[in-house]
Amino acid sequence: MIWAWGVFIPSAVMLASLRSKDNVALGAEPPFWFFSHRSLAYAGVIMAAAATMIGRAVATGSDRASSHRFVGYATMLLGLAQPIIAYVRPKTAEEKEKTGWLKLHRYVGWLSTALALVNIRLGLQLWDPHNAISSTYYAGLVSAGSLALAWNYKNF
């Protein structure tokens with residue numbers, strides 16, 4: 001789950017947000033950012049769905065994990081909505097802006113990623129509440145989130 005929501009999906013989101021107005025990401029040809037974004041996102045959602053099913057099968061039902069479980073299910077619902085939203089993508093940029101599709105896709109993507117990163121923190125706390133990994137993860141999360149918000153301030 002950490003690989004899906006902590007690496008693949010945030011990488012897909014950041015890759016899409018790093019593209020320029022000419023749709024060129026990191027100096028590559030225009031299709032590169034889109035195909036990489038889509039591949040990372042689909043791989044992440046498939047891994048997360050599989051991990052959710054495994055987690056559901058081995059869950060102990062502990063009350064300590066109720067917030068982690070609730071946030072995880074909400075995150076998965078939003079994550080599974082993204083491929084459906086992408087499937088109904090309008091063909092032209094004007095249609096995307098006119099219909100609000102682009103804002104919906106961005107906001108659902110950012111919200112699901114933010115919830116997932118918070119949920120990773122909740123899961124690490126369940127594993128060992130006094131573990132330094134959990135605190136270090138949180139510090140890195142705040143730093144990366146601050147940078148992402150600063151880079152994307154005009155998209156919000």
# chains A, B, ... in the order shown; residues from 1 in each chain; ligands from 1

$ residues_around --residues "range 51-61 of chain A" --least-positions-apart "2" --cutoff "6 Å" --atoms "only C-alpha atoms" --output "list of chain:residue names"
A:Met1, A:Ala48, A:Ala49

$ write_last_selection --atoms "N, CA, C and O atoms" --output "PDB file, in the first residue's frame"
ATOM      1  N   MET A   1       0.819  -1.185   0.000  1.00  0.00           N
ATOM      2  CA  MET A   1       0.000   0.000   0.000  1.00  0.00           C
ATOM      3  C   MET A   1       0.868   1.255   0.000  1.00  0.00           C
ATOM      4  O   MET A   1       0.541   2.227  -0.675  1.00  0.00           O
ATOM      5  N   ALA A  48      -2.970  -0.594  -5.184  1.00  0.00           N
ATOM      6  CA  ALA A  48      -3.720  -0.198  -3.987  1.00  0.00           C
ATOM      7  C   ALA A  48      -4.982  -1.039  -3.827  1.00  0.00           C
ATOM      8  O   ALA A  48      -5.338  -1.430  -2.713  1.00  0.00           O
ATOM      9  N   ALA A  49      -5.664  -1.316  -4.928  1.00  0.00           N
ATOM     10  CA  ALA A  49      -6.870  -2.149  -4.857  1.00  0.00           C
ATOM     11  C   ALA A  49      -6.521  -3.558  -4.380  1.00  0.00           C
ATOM     12  O   ALA A  49      -7.223  -4.129  -3.527  1.00  0.00           O
TER      13      ALA A  49
END

$ residues_around --residues "Ala12 in chain A" --least-positions-apart "3" --cutoff "6 Å" --atoms "only C-alpha atoms" --output "NGL selection string"
:A and (9 or 15 or 37 or 40-41)

$ select_by_dssp --residues "chain A" --states "helix (DSSP H, G or I)" --output "VMD selection string"
chain A and resid 2 to 17 30 to 58 63 to 87 93 to 99 101 to 127 132 to 151 153 to 155

$ atom_distance --atom1 "CA of Trp101 in chain A" --atom2 "CA of Ser39 in chain A"
19.9 Å

$ atom_distance --atom1 "CA of Gly123 in chain A" --atom2 "CA of Val71 in chain A"
10.4 Å

$ closest_residue --among "A:Leu141, A:Ala4, A:Leu104, A:Ala74" --to "Val88 in chain A" --atoms "only C-alpha atoms"
A:Leu104
